[in-house]
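Structure below is coords_26.txt: compact mmCIF, C-alpha atoms.
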```txt
# COMPACT_ATOMS: atom_id res chain seq x y z
CA MET A 501 2.07 72.33 -50.39
CA THR A 502 3.88 69.07 -51.14
CA THR A 503 2.31 66.97 -53.88
CA ILE A 504 1.18 63.50 -52.83
CA LEU A 505 1.99 61.25 -55.76
CA LYS A 506 -0.64 58.80 -56.95
CA THR A 507 0.32 55.19 -56.27
CA PRO A 508 -1.15 51.87 -57.53
CA ARG A 509 -4.28 50.72 -55.70
CA ALA A 510 -2.60 47.43 -54.87
CA TRP A 511 0.00 49.17 -52.72
CA PRO A 512 -0.99 49.06 -49.02
CA ARG A 513 -1.20 52.23 -46.95
CA VAL A 514 0.02 52.50 -43.40
CA LEU A 515 1.29 56.06 -42.91
CA PHE A 516 -1.34 57.50 -45.24
CA ALA A 517 -4.07 55.08 -44.16
CA ARG A 518 -6.22 57.82 -42.62
CA PRO A 519 -7.55 60.92 -44.39
CA ALA A 520 -5.40 64.01 -44.00
CA THR A 521 -6.17 66.17 -40.97
CA ASP A 522 -8.23 69.26 -41.77
CA ALA A 523 -5.82 72.05 -40.84
CA ALA A 524 -8.54 74.70 -40.52
CA ALA A 525 -10.63 72.46 -38.26
CA LEU A 526 -7.60 71.65 -36.10
CA ARG A 527 -6.84 75.34 -35.63
CA ALA A 528 -10.47 76.27 -34.93
CA ASP A 529 -11.41 73.43 -32.58
CA PRO A 530 -8.65 70.92 -31.69
CA ALA A 531 -11.02 68.85 -29.52
CA ALA A 532 -13.46 68.37 -32.39
CA ALA A 533 -10.59 67.51 -34.74
CA LEU A 534 -9.45 64.90 -32.23
CA ASP A 535 -12.94 63.40 -32.20
CA VAL A 536 -12.75 63.01 -35.97
CA ALA A 537 -9.33 61.37 -35.69
CA VAL A 538 -10.50 59.02 -32.93
CA ALA A 539 -13.47 57.99 -35.04
CA ALA A 540 -10.95 57.10 -37.77
CA GLY A 541 -8.94 54.93 -35.38
CA ALA A 542 -6.50 57.33 -33.70
CA PHE A 543 -5.23 56.18 -30.28
CA ASP A 544 -6.66 52.66 -30.65
CA GLY A 545 -3.06 51.39 -30.66
CA LEU A 546 -2.30 53.24 -27.43
CA LYS A 547 -5.39 51.74 -25.79
CA ARG A 548 -4.28 48.24 -26.76
CA ALA A 549 -0.75 48.85 -25.45
CA VAL A 550 -1.91 50.21 -22.10
CA HIS A 551 -4.89 47.93 -21.44
CA ASP A 552 -3.88 44.65 -23.11
CA LEU A 553 -0.21 44.27 -23.96
CA GLY A 554 1.71 46.10 -21.26
CA PRO A 555 5.27 47.39 -21.82
CA THR A 556 6.85 43.99 -22.44
CA GLY A 557 4.09 42.83 -24.78
CA THR A 558 4.21 46.09 -26.71
CA ILE A 559 7.94 45.75 -27.35
CA ALA A 560 7.51 42.09 -28.32
CA THR A 561 4.79 43.03 -30.83
CA ILE A 562 6.93 45.69 -32.47
CA ALA A 563 9.87 43.28 -32.65
CA ALA A 564 7.70 40.54 -34.18
CA ALA A 565 6.53 42.97 -36.88
CA GLY A 566 10.11 43.46 -38.05
CA LEU A 567 9.82 47.26 -37.93
CA ARG A 568 13.13 48.94 -38.76
CA GLY A 569 13.89 52.60 -38.17
CA ARG A 570 12.89 54.88 -41.03
CA GLY A 571 15.63 57.41 -40.25
CA GLY A 572 17.99 55.78 -42.73
CA ALA A 573 20.03 53.26 -40.76
CA GLY A 574 17.24 50.68 -40.55
CA PHE A 575 18.05 49.47 -37.02
CA PRO A 576 15.40 47.09 -35.58
CA THR A 577 13.00 49.17 -33.49
CA GLY A 578 12.14 46.39 -31.07
CA ASP A 579 15.80 45.84 -30.22
CA LYS A 580 16.30 49.55 -29.52
CA TRP A 581 13.25 49.72 -27.24
CA ARG A 582 14.25 46.55 -25.40
CA ALA A 583 17.76 47.91 -24.78
CA CYS A 584 16.40 51.18 -23.38
CA ALA A 585 13.75 49.51 -21.21
CA GLY A 586 16.36 47.14 -19.77
CA THR A 587 18.61 49.88 -18.42
CA ASP A 588 18.80 50.67 -14.72
CA ALA A 589 18.13 54.39 -14.80
CA ALA A 590 16.17 56.97 -12.83
CA ARG A 591 14.63 58.44 -16.00
CA ARG A 592 14.23 57.62 -19.67
CA TYR A 593 13.31 59.76 -22.66
CA VAL A 594 11.79 59.39 -26.11
CA VAL A 595 12.82 61.71 -28.95
CA ALA A 596 10.94 61.81 -32.25
CA ASN A 597 13.18 63.13 -35.02
CA GLY A 598 11.10 65.22 -37.40
CA TYR A 599 13.90 67.62 -38.31
CA GLY A 600 14.14 66.45 -41.92
CA ALA A 601 17.81 67.29 -42.46
CA ASP A 602 17.80 66.79 -46.23
CA PRO A 603 16.80 70.17 -47.72
CA GLY A 604 15.47 68.51 -50.86
CA VAL A 605 12.86 66.17 -49.39
CA GLN A 606 9.66 66.87 -47.42
CA THR A 607 8.59 63.40 -46.30
CA ASP A 608 8.69 63.97 -42.54
CA ARG A 609 7.15 67.43 -42.73
CA THR A 610 4.37 66.10 -44.94
CA LEU A 611 3.57 63.39 -42.39
CA MET A 612 3.61 65.79 -39.43
CA GLU A 613 1.21 68.14 -41.20
CA ARG A 614 -1.02 65.41 -42.59
CA ASP A 615 -1.45 63.21 -39.49
CA PRO A 616 0.04 64.70 -36.30
CA TRP A 617 -2.15 62.35 -34.24
CA ALA A 618 -0.26 59.26 -35.41
CA ILE A 619 3.04 60.77 -34.31
CA VAL A 620 1.74 61.85 -30.90
CA GLU A 621 0.23 58.40 -30.39
CA GLY A 622 3.44 56.66 -31.48
CA VAL A 623 5.46 58.78 -29.07
CA ALA A 624 3.09 57.90 -26.20
CA ILE A 625 3.29 54.18 -27.00
CA ALA A 626 7.10 54.25 -27.15
CA ALA A 627 7.26 56.12 -23.84
CA PHE A 628 4.90 53.60 -22.24
CA ALA A 629 6.92 50.67 -23.58
CA VAL A 630 10.31 51.87 -22.32
CA GLY A 631 9.13 53.63 -19.16
CA ALA A 632 9.83 57.22 -20.21
CA ASP A 633 7.97 60.08 -18.56
CA GLU A 634 9.07 62.80 -20.97
CA ALA A 635 9.26 62.98 -24.76
CA PHE A 636 10.29 65.54 -27.34
CA ILE A 637 9.29 65.92 -30.98
CA ALA A 638 12.17 67.71 -32.70
CA VAL A 639 11.06 69.82 -35.67
CA ARG A 640 12.92 72.20 -37.94
CA ALA A 641 12.26 75.70 -36.53
CA GLU A 642 11.08 77.08 -39.86
CA ALA A 643 8.49 74.30 -40.27
CA THR A 644 5.95 76.53 -38.55
CA GLU A 645 2.83 74.81 -39.89
CA ALA A 646 4.01 71.38 -38.70
CA ILE A 647 4.83 72.86 -35.29
CA ARG A 648 1.40 74.48 -34.98
CA ARG A 649 -0.43 71.27 -35.88
CA LEU A 650 1.64 69.10 -33.54
CA GLU A 651 1.17 71.50 -30.62
CA ALA A 652 -2.57 71.66 -31.23
CA ALA A 653 -2.73 67.86 -31.41
CA ILE A 654 -0.74 67.46 -28.19
CA GLY A 655 -2.98 69.97 -26.37
CA ALA A 656 -6.15 68.17 -27.45
CA ALA A 657 -4.66 64.77 -26.59
CA GLU A 658 -3.72 66.01 -23.10
CA ASP A 659 -7.24 67.24 -22.46
CA ALA A 660 -8.60 63.86 -23.57
CA GLY A 661 -6.17 61.89 -21.38
CA PHE A 662 -4.14 60.31 -24.21
CA VAL A 663 -0.94 62.01 -23.04
CA GLY A 664 -0.10 63.92 -19.90
CA PRO A 665 0.10 62.98 -16.21
CA SER A 666 -2.38 60.10 -16.29
CA ILE A 667 -2.82 58.28 -19.61
CA LEU A 668 -6.18 56.59 -20.07
CA GLY A 669 -6.82 56.69 -16.35
CA THR A 670 -3.63 54.78 -15.41
CA ARG A 671 -0.69 55.76 -13.24
CA PHE A 672 1.50 56.05 -16.31
CA GLY A 673 2.10 59.54 -17.68
CA VAL A 674 4.30 61.24 -20.24
CA ARG A 675 4.79 64.89 -21.03
CA VAL A 676 5.19 65.49 -24.77
CA THR A 677 6.82 68.70 -26.00
CA VAL A 678 7.49 70.01 -29.49
CA ARG A 679 11.07 71.25 -29.64
CA PRO A 680 11.92 73.52 -32.60
CA VAL A 681 15.60 73.11 -33.46
CA GLN A 682 17.94 74.97 -35.76
CA GLY A 683 21.11 73.64 -37.21
CA ALA A 684 22.36 71.95 -40.30
CA TYR A 685 22.41 68.66 -42.18
CA MET A 686 24.25 67.03 -39.26
CA LEU A 687 21.07 67.08 -37.16
CA GLY A 688 20.05 63.92 -38.97
CA GLU A 689 22.60 62.12 -36.77
CA GLU A 690 20.91 61.12 -33.52
CA THR A 691 23.64 62.14 -31.06
CA VAL A 692 23.90 65.55 -32.75
CA LEU A 693 20.13 65.98 -32.47
CA LEU A 694 20.23 65.20 -28.76
CA LYS A 695 22.87 67.87 -28.22
CA ALA A 696 20.73 70.38 -30.13
CA ILE A 697 17.79 69.64 -27.82
CA GLU A 698 20.09 70.18 -24.83
CA GLY A 699 21.27 73.49 -26.29
CA ARG A 700 24.82 72.25 -26.84
CA ARG A 701 27.11 72.37 -29.87
CA GLY A 702 25.95 69.90 -32.50
CA GLN A 703 28.74 67.36 -32.84
CA PRO A 704 28.45 63.55 -32.80
CA GLU A 705 29.60 61.32 -29.97
CA GLN A 706 31.55 58.10 -30.09
CA ARG A 707 29.32 55.01 -29.91
CA PRO A 708 28.97 52.83 -27.90
CA PRO A 709 27.37 53.72 -25.60
CA HIS A 710 24.35 54.24 -27.82
CA PRO A 711 21.58 56.70 -26.89
CA ALA A 712 19.39 53.79 -25.76
CA GLU A 713 21.92 53.35 -22.97
CA ARG A 714 23.06 56.94 -22.45
CA GLY A 715 21.44 59.70 -24.43
CA LEU A 716 19.52 62.88 -23.62
CA PHE A 717 20.79 64.46 -20.39
CA GLU A 718 22.95 61.32 -19.94
CA MET A 719 19.83 59.17 -19.55
CA PRO A 720 18.66 56.22 -21.72
CA THR A 721 16.84 57.60 -24.74
CA VAL A 722 14.89 56.11 -27.64
CA VAL A 723 15.50 58.22 -30.75
CA GLN A 724 13.22 57.40 -33.68
CA ASN A 725 12.26 59.06 -36.92
CA VAL A 726 8.68 60.35 -36.88
CA GLN A 727 7.71 57.85 -39.58
CA THR A 728 8.82 54.95 -37.40
CA LEU A 729 6.71 56.13 -34.49
CA ALA A 730 3.68 56.87 -36.69
CA ILE A 731 3.74 53.25 -37.90
CA VAL A 732 3.67 51.81 -34.37
CA PRO A 733 -0.08 52.36 -33.70
CA TRP A 734 -0.99 50.63 -36.97
CA ILE A 735 1.01 47.56 -35.96
CA LEU A 736 -0.66 47.32 -32.56
CA VAL A 737 -4.13 47.59 -34.09
CA ASN A 738 -3.63 45.35 -37.12
CA GLY A 739 -1.11 42.89 -35.71
CA PRO A 740 2.57 42.23 -36.39
CA ASP A 741 1.91 39.48 -38.93
CA LYS A 742 -0.08 41.78 -41.20
CA PHE A 743 2.68 44.37 -41.11
CA ALA A 744 5.42 41.79 -41.70
CA ALA A 745 3.51 40.58 -44.78
CA ILE A 746 3.98 44.03 -46.36
CA GLY A 747 7.28 44.78 -48.05
CA SER A 748 10.18 42.37 -48.32
CA LYS A 749 11.42 39.63 -46.03
CA SER A 750 14.20 41.77 -44.51
CA SER A 751 12.45 45.16 -44.74
CA SER A 752 8.83 45.06 -43.60
CA GLY A 753 6.13 47.65 -44.16
CA THR A 754 5.97 50.88 -46.08
CA ILE A 755 8.03 54.07 -46.14
CA LEU A 756 7.61 57.62 -47.40
CA VAL A 757 9.78 58.52 -50.38
CA GLY A 758 10.43 61.92 -51.93
CA VAL A 759 10.74 61.46 -55.69
CA ARG A 760 12.01 64.15 -58.04
CA GLY A 761 12.35 63.69 -61.78
CA PRO A 762 12.40 65.78 -64.95
CA ASP A 763 8.62 65.43 -65.21
CA GLY A 764 7.48 66.04 -61.63
CA ALA A 765 8.11 65.70 -57.90
CA GLY A 766 6.27 64.72 -54.74
CA VAL A 767 5.96 62.34 -51.81
CA ALA A 768 4.65 58.78 -52.03
CA GLU A 769 4.12 55.91 -49.61
CA VAL A 770 5.71 52.80 -51.09
CA PRO A 771 6.10 49.22 -49.82
CA LEU A 772 9.71 48.42 -49.03
CA GLY A 773 11.10 46.02 -51.62
CA THR A 774 9.37 47.80 -54.51
CA PRO A 775 11.63 47.89 -57.60
CA LEU A 776 13.31 51.26 -58.00
CA ARG A 777 11.89 51.43 -61.53
CA GLU A 778 8.30 51.56 -60.23
CA ILE A 779 9.11 54.33 -57.75
CA VAL A 780 10.86 56.43 -60.40
CA ALA A 781 7.79 56.04 -62.62
CA LEU A 782 5.63 57.81 -59.99
CA ALA A 783 7.26 61.10 -60.95
CA GLY A 784 7.00 60.46 -64.67
CA GLY A 785 10.27 58.56 -64.97
CA SER A 786 12.40 59.42 -67.96
CA ALA A 787 12.99 57.62 -71.22
CA LYS A 788 16.50 59.05 -71.21
CA LEU A 789 17.30 58.26 -67.57
CA LYS A 790 21.01 58.19 -66.89
CA ALA A 791 21.39 57.92 -63.13
CA VAL A 792 19.31 57.87 -59.97
CA LEU A 793 20.58 59.52 -56.79
CA VAL A 794 19.26 57.40 -53.92
CA GLY A 795 19.62 58.54 -50.31
CA GLY A 796 20.01 62.30 -50.44
CA PRO A 797 23.19 64.42 -50.72
CA ALA A 798 25.28 61.61 -49.21
CA GLY A 799 23.60 59.01 -51.37
CA GLY A 800 24.69 56.74 -54.18
CA LEU A 801 24.40 57.30 -57.92
CA LEU A 802 22.92 54.19 -59.50
CA PRO A 803 22.78 53.54 -63.26
CA ALA A 804 19.70 52.75 -65.33
CA SER A 805 20.79 49.10 -65.43
CA LEU A 806 20.00 48.82 -61.69
CA LEU A 807 16.44 50.13 -61.82
CA ASP A 808 15.10 46.68 -60.96
CA ILE A 809 16.89 46.67 -57.60
CA PRO A 810 14.43 46.48 -54.67
CA TYR A 811 14.09 49.66 -52.63
CA GLU A 812 15.03 48.23 -49.24
CA PHE A 813 17.76 48.71 -46.65
CA ASP A 814 20.06 45.79 -47.40
CA ALA A 815 19.82 45.66 -51.20
CA LEU A 816 20.53 49.37 -51.58
CA ARG A 817 23.46 49.23 -49.18
CA LYS A 818 24.96 46.36 -51.14
CA ALA A 819 24.59 48.34 -54.37
CA GLY A 820 26.43 51.37 -52.95
CA ALA A 821 23.45 53.52 -51.98
CA HIS A 822 21.11 53.67 -48.99
CA ILE A 823 17.61 54.75 -48.03
CA GLY A 824 18.94 57.72 -46.07
CA SER A 825 16.50 60.63 -46.15
CA GLY A 826 14.10 58.78 -48.45
CA SER A 827 15.11 60.93 -51.40
CA ILE A 828 15.18 59.68 -54.99
CA VAL A 829 16.36 62.12 -57.68
CA VAL A 830 16.32 61.16 -61.35
CA ALA A 831 19.06 62.53 -63.61
CA ASP A 832 18.73 62.30 -67.38
CA GLU A 833 21.36 62.48 -70.11
CA ARG A 834 21.79 66.21 -69.56
CA ALA A 835 23.48 65.54 -66.20
CA CYS A 836 27.19 64.94 -65.71
CA VAL A 837 28.00 62.35 -63.06
CA VAL A 838 31.36 63.97 -62.27
CA ASP A 839 29.69 67.34 -61.74
CA LEU A 840 26.93 65.80 -59.62
CA ALA A 841 29.38 63.87 -57.45
CA ARG A 842 31.60 66.88 -56.78
CA LEU A 843 28.66 69.13 -55.91
CA LEU A 844 27.23 66.54 -53.52
CA THR A 845 30.64 65.98 -51.92
CA ARG A 846 31.12 69.72 -51.54
CA PHE A 847 27.74 70.00 -49.82
CA CYS A 848 28.68 67.20 -47.40
CA ALA A 849 32.04 68.84 -46.69
CA ASP A 850 30.41 72.22 -46.05
CA GLU A 851 27.85 70.64 -43.71
CA ALA A 852 30.44 68.67 -41.71
CA CYS A 853 30.71 69.66 -38.05
CA GLY A 854 34.52 69.56 -38.15
CA LYS A 855 35.02 67.41 -35.07
CA THR A 856 37.29 64.85 -36.73
CA ILE A 857 40.12 65.20 -39.25
CA PRO A 858 38.71 62.62 -41.71
CA CYS A 859 35.49 64.60 -41.94
CA ARG A 860 36.91 68.11 -41.67
CA ILE A 861 39.76 67.60 -44.14
CA GLY A 862 39.19 64.26 -45.90
CA THR A 863 35.79 65.07 -47.40
CA ARG A 864 37.02 68.46 -48.58
CA ARG A 865 40.04 66.85 -50.27
CA ILE A 866 37.71 64.42 -52.06
CA GLY A 867 35.76 67.41 -53.35
CA GLU A 868 38.96 69.10 -54.52
CA ILE A 869 39.95 66.01 -56.50
CA GLY A 870 36.51 66.08 -58.10
CA ASP A 871 37.02 69.75 -59.00
CA ARG A 872 40.31 68.94 -60.73
CA ILE A 873 38.72 66.14 -62.75
CA ALA A 874 35.76 68.33 -63.73
CA ILE A 875 37.85 71.18 -65.11
CA GLY A 876 40.25 68.88 -66.95
CA VAL A 877 43.43 69.29 -64.89
CA PRO A 878 43.62 66.00 -62.96
CA ARG A 879 46.80 64.48 -61.65
CA PRO A 880 47.84 61.03 -62.92
CA THR A 881 47.16 59.43 -59.53
CA ASP A 882 43.83 61.17 -58.79
CA LEU A 883 41.52 58.17 -59.23
CA GLN A 884 43.68 55.98 -57.00
CA LEU A 885 43.98 58.83 -54.51
CA LEU A 886 40.20 59.25 -54.59
CA ALA A 887 39.69 55.55 -53.80
CA ASP A 888 42.36 55.45 -51.08
CA LEU A 889 41.21 58.66 -49.40
CA SER A 890 37.58 57.51 -49.41
CA ALA A 891 38.59 54.20 -47.81
CA ASP A 892 40.56 56.05 -45.12
CA VAL A 893 37.63 58.37 -44.35
CA VAL A 894 35.23 55.43 -44.01
CA ALA A 895 37.63 53.41 -41.85
CA SER A 896 38.30 56.22 -39.38
CA ALA A 897 34.90 57.92 -39.36
CA LEU A 898 33.17 58.91 -36.13
CA CYS A 899 29.66 59.04 -37.58
CA ASP A 900 27.69 58.05 -40.67
CA HIS A 901 27.89 61.53 -42.18
CA GLU A 902 31.55 61.17 -43.10
CA ARG A 903 31.17 57.51 -44.07
CA LEU A 904 28.32 58.24 -46.44
CA ALA A 905 29.88 61.43 -47.82
CA THR A 906 32.17 59.17 -49.89
CA LEU A 907 29.25 57.51 -51.70
CA PRO A 908 28.68 60.00 -54.57
CA PHE A 909 32.21 59.52 -55.93
CA GLY A 910 32.41 55.91 -54.77
CA SER A 911 29.31 54.96 -56.74
CA GLY A 912 30.43 57.21 -59.60
CA MET A 913 33.70 55.30 -59.95
CA ARG A 914 31.86 51.99 -59.63
CA TYR A 915 29.16 52.55 -62.24
CA PHE A 916 30.25 55.51 -64.37
CA ARG A 917 34.00 54.96 -64.75
CA SER A 918 33.90 55.67 -68.48
CA GLU A 919 32.56 59.17 -67.80
CA LEU A 920 35.40 59.89 -65.38
CA ASP A 921 37.87 58.57 -67.94
CA GLU A 922 36.44 60.91 -70.57
CA HIS A 923 37.19 63.86 -68.30
CA ILE A 924 40.63 62.63 -67.32
CA LEU A 925 42.00 61.11 -70.52
CA ARG A 926 40.30 63.27 -73.15
CA SER A 927 39.46 66.46 -71.24
CA SER A 928 35.92 65.99 -72.44
CA CYS A 929 32.53 66.09 -70.67
CA PRO A 930 30.07 63.80 -72.53
CA ALA A 931 27.10 65.72 -71.11
CA GLY A 932 28.55 69.10 -72.06
CA VAL A 933 28.14 70.34 -68.48
CA CYS A 934 31.77 70.74 -67.46
CA ARG A 935 34.21 72.88 -69.40
CA PRO A 936 37.44 70.88 -69.14
CA ILE A 937 40.63 72.71 -69.97
CA ALA A 938 42.53 71.04 -72.78
CA VAL A 939 46.20 70.88 -71.74
CA THR A 940 48.55 70.43 -74.70
CA ALA A 941 51.91 68.75 -74.50
CA ALA A 942 53.65 72.06 -75.10
CA ALA A 943 51.69 73.77 -72.33
CA ALA A 944 52.46 70.92 -69.97
CA HIS A 945 56.19 71.61 -70.42
```

If you took the structure in this file and wrote it as structure tokens, what would it be?
Amino acid sequence: MTTILKTPRAWPRVLFARPATDAAALRADPAAALDVAVAAGAFDGLKRAVHDLGPTGTIATIAAAGLRGRGGAGFPTGDKWRACAGTDAARRYVVANGYGADPGVQTDRTLMERDPWAIVEGVAIAAFAVGADEAFIAVRAEATEAIRRLEAAIGAAEDAGFVGPSILGTRFGVRVTVRPVQGAYMLGEETVLLKAIEGRRGQPEQRPPHPAERGLFEMPTVVQNVQTLAIVPWILVNGPDKFAAIGSKSSSGTILVGVRGPDGAGVAEVPLGTPLREIVALAGGSAKLKAVLVGGPAGGLLPASLLDIPYEFDALRKAGAHIGSGSIVVADERACVVDLARLLTRFCADEACGKTIPCRIGTRRIGEIGDRIAIGVPRPTDLQLLADLSADVVASALCDHERLATLPFGSGMRYFRSELDEHILRSSCPAGVCRPIAVTAAAAH
């Protein structure tokens, strides 16, 4: 069971606003569990969308709230819905991404298990807003408990008329299906996820066109992280202004973060714009903190001097990191930045789908350069080669996976250059993690 980290009372709650669903009660009597959820406010947002706002008003409300996608990219949700709704198509789809591609963070799974009703309601609202009659909730196949709870919640919601052929007595209907998917880290990319749902090989597609224009089964599709959709009902009930007042000016609301440090680990709901220092402290922090990996395996390594940076989309991107999977990992003085960067790069290279040369070969070459530096046998031009190769990969990338795979070493060179120099110039690892090979002048000849 994932630990829910204790947060300050002053921090608002949106995703964890309701008490956690009683798993035993949901299994024993889904209808009764739904009654409990409804009494706590579940499906009030859907009622307001269907009876008061209509599709156009619903999209306008979400846009006014400033909600940005929680899947990592931070694209404005209202703009995505408006683009999908404005297409001339026979059918439209909604896909909720609950796959949770990062193996080291459990934010999405925690949400699906804790409050499946919010996700089902968010899916129904999105489908109503864009005119979709079918929706899928993609979940990692081995997340069996999340799958069971979502399926039970969908069944109870169908019986109560919240989803299904006739929602709340109207002519609008949407069929919601849980789709277990198997794959790899690349399933975090939306076009790869859509192919997995279709049963096709998981490789990204060139964009544009974006999925909102041509996605699942070649039809317009709204793809959103489960957190994004779970927030939607709260906005419709409480109003866009109240949501926009939470967080920072450019990044409204709250987000789930997986924090792991030397003294503990867990999931917390934090307001966007919160200083990184305060989030790190939730897991005990570390008096000897050396670096913070922000964004997952393809994230950026930030130094202790940047702990006051706000945890938000734009500020992190500018600093050389990103929200990504919502993962924050604290490394103390026992960690070697060179070793961390090469291991992360190797993971990204191994998880690459291999569709393009920059990803298939470029990321692996970056990892090989890191290996040479770590063992103390670098070439004189390796740092320049590392910078040039990373720039080439980013410039010619097909998807964000290969662009972001350059961040571990990119941020390492930006903030921890002295540690790389120690490995290269002195064949020494300050942390004592690597075992560089000392090459003497005689041996070199």

**OP:** Return the single residue from A:Glu833, A:Glu718, A:Asp544, A:Glu698 that is closest to Pro733 of chain A, with distances computed using all atoms listed in the file.
**Re:** A:Asp544

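If you look at atom CA of Glu642 of chain A and atom CA of Pro908 of chain A, they are 28.6 Å away from each other.
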
**OP:** List every protein, DNA or RNA residue with an atom no more than 12 Å from (-8.8, 54.9, -33.9) in the file's coordinates, counting all atoms listed in the file, and format the result as a VMD selection string.
**Re:** chain A and resid 517 to 518 534 to 548 617 to 618 621 733 to 734 736 to 738

Original post:
Got a sec: who's within 10 Å of Ile731 of chain A, counting all atoms listed in the file, leaving out chain neighbours fewer than 3 positions off, as a PyMOL selection string?
Top reply: chain A and resi 514-516+562+567+570+618-619+621-622+726-728+734-736+743+753-755

Subject >> Polymer residues at most 9 Å from Val550 of chain A, all atoms listed in the file, same-chain spacing of 6 or more positions, as a ChimeraX atom specification >> reply: /A:558,625,628-629,667-668,670,672

**OP:** Show which residues sit within 12 Å of segment 886-894 of chain A, as a count of residues only. Count all atoms listed in the file, and ignore same-chain residues fewer than 5 positions away.
**Re:** 41

Original post:
Near Val830 of chain A, counting all atoms listed in the file, which residues have an atom at most 7 Å away, once you skip same-chain residues fewer than 5 positions from it, shown as a ChimeraX atom specification?
Top reply: /A:760-761,789,791-793

Could you please take those selected residues and save C-alpha atoms as a PDB file, in the frame of the given file?
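Output file result.pdb follows:
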```pdb
ATOM      1  CA  ARG A 760      12.010  64.150 -58.040  1.00  0.00           C
ATOM      2  CA  GLY A 761      12.350  63.690 -61.780  1.00  0.00           C
ATOM      3  CA  LEU A 789      17.300  58.260 -67.570  1.00  0.00           C
ATOM      4  CA  ALA A 791      21.390  57.920 -63.130  1.00  0.00           C
ATOM      5  CA  VAL A 792      19.310  57.870 -59.970  1.00  0.00           C
ATOM      6  CA  LEU A 793      20.580  59.520 -56.790  1.00  0.00           C
TER       7      LEU A 793
END
```

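Taking all atoms listed in the file, the non-local environment of Ser928 of chain A within 10 Å (same-chain residues fewer than 3 positions away omitted) comprises Ala874, Ile875, Gly876, Glu919, Leu920, Asp921, Glu922, His923, Ile924, Leu925, Ala931, Gly932, Val933, Cys934, Arg935, Pro936, Ile937 and Ala938 of chain A.
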
Can you write out the residues you just picked, keeping C-alpha atoms, as a PDB file, keeping the file's coordinate frame?
```pdb
ATOM      1  CA  ALA A 874      35.760  68.330 -63.730  1.00  0.00           C
ATOM      2  CA  ILE A 875      37.850  71.180 -65.110  1.00  0.00           C
ATOM      3  CA  GLY A 876      40.250  68.880 -66.950  1.00  0.00           C
ATOM      4  CA  GLU A 919      32.560  59.170 -67.800  1.00  0.00           C
ATOM      5  CA  LEU A 920      35.400  59.890 -65.380  1.00  0.00           C
ATOM      6  CA  ASP A 921      37.870  58.570 -67.940  1.00  0.00           C
ATOM      7  CA  GLU A 922      36.440  60.910 -70.570  1.00  0.00           C
ATOM      8  CA  HIS A 923      37.190  63.860 -68.300  1.00  0.00           C
ATOM      9  CA  ILE A 924      40.630  62.630 -67.320  1.00  0.00           C
ATOM     10  CA  LEU A 925      42.000  61.110 -70.520  1.00  0.00           C
ATOM     11  CA  ALA A 931      27.100  65.720 -71.110  1.00  0.00           C
ATOM     12  CA  GLY A 932      28.550  69.100 -72.060  1.00  0.00           C
ATOM     13  CA  VAL A 933      28.140  70.340 -68.480  1.00  0.00           C
ATOM     14  CA  CYS A 934      31.770  70.740 -67.460  1.00  0.00           C
ATOM     15  CA  ARG A 935      34.210  72.880 -69.400  1.00  0.00           C
ATOM     16  CA  PRO A 936      37.440  70.880 -69.140  1.00  0.00           C
ATOM     17  CA  ILE A 937      40.630  72.710 -69.970  1.00  0.00           C
ATOM     18  CA  ALA A 938      42.530  71.040 -72.780  1.00  0.00           C
TER      19      ALA A 938
END
```

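Our summary of the geometry notes that atom CA of Pro797 of chain A is positioned 22.6 Å from atom CA of Met612 of chain A.
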
**OP:** Rank nothing, just name the residue among A:Leu687, A:Ala520, A:Leu776, A:Ala627 nearest to Ile504 of chain A, using only C-alpha atoms.
**Re:** A:Ala520

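Comparing A:Glu651, A:Ser918, A:Ala560, A:Asp522 by their smallest distance to Lys580 of chain A, the closest is A:Ala560 (using all atoms listed in the file).
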
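Interatomic distance, atom CA of Asp608 of chain A to atom CA of His551 of chain A: 29.8 Å.
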
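Proximity to Thr607 of chain A was assessed for A:Pro665, A:Gly799, A:Thr507, A:Gly571 counting all atoms listed in the file; the smallest distance is recorded for A:Gly571.
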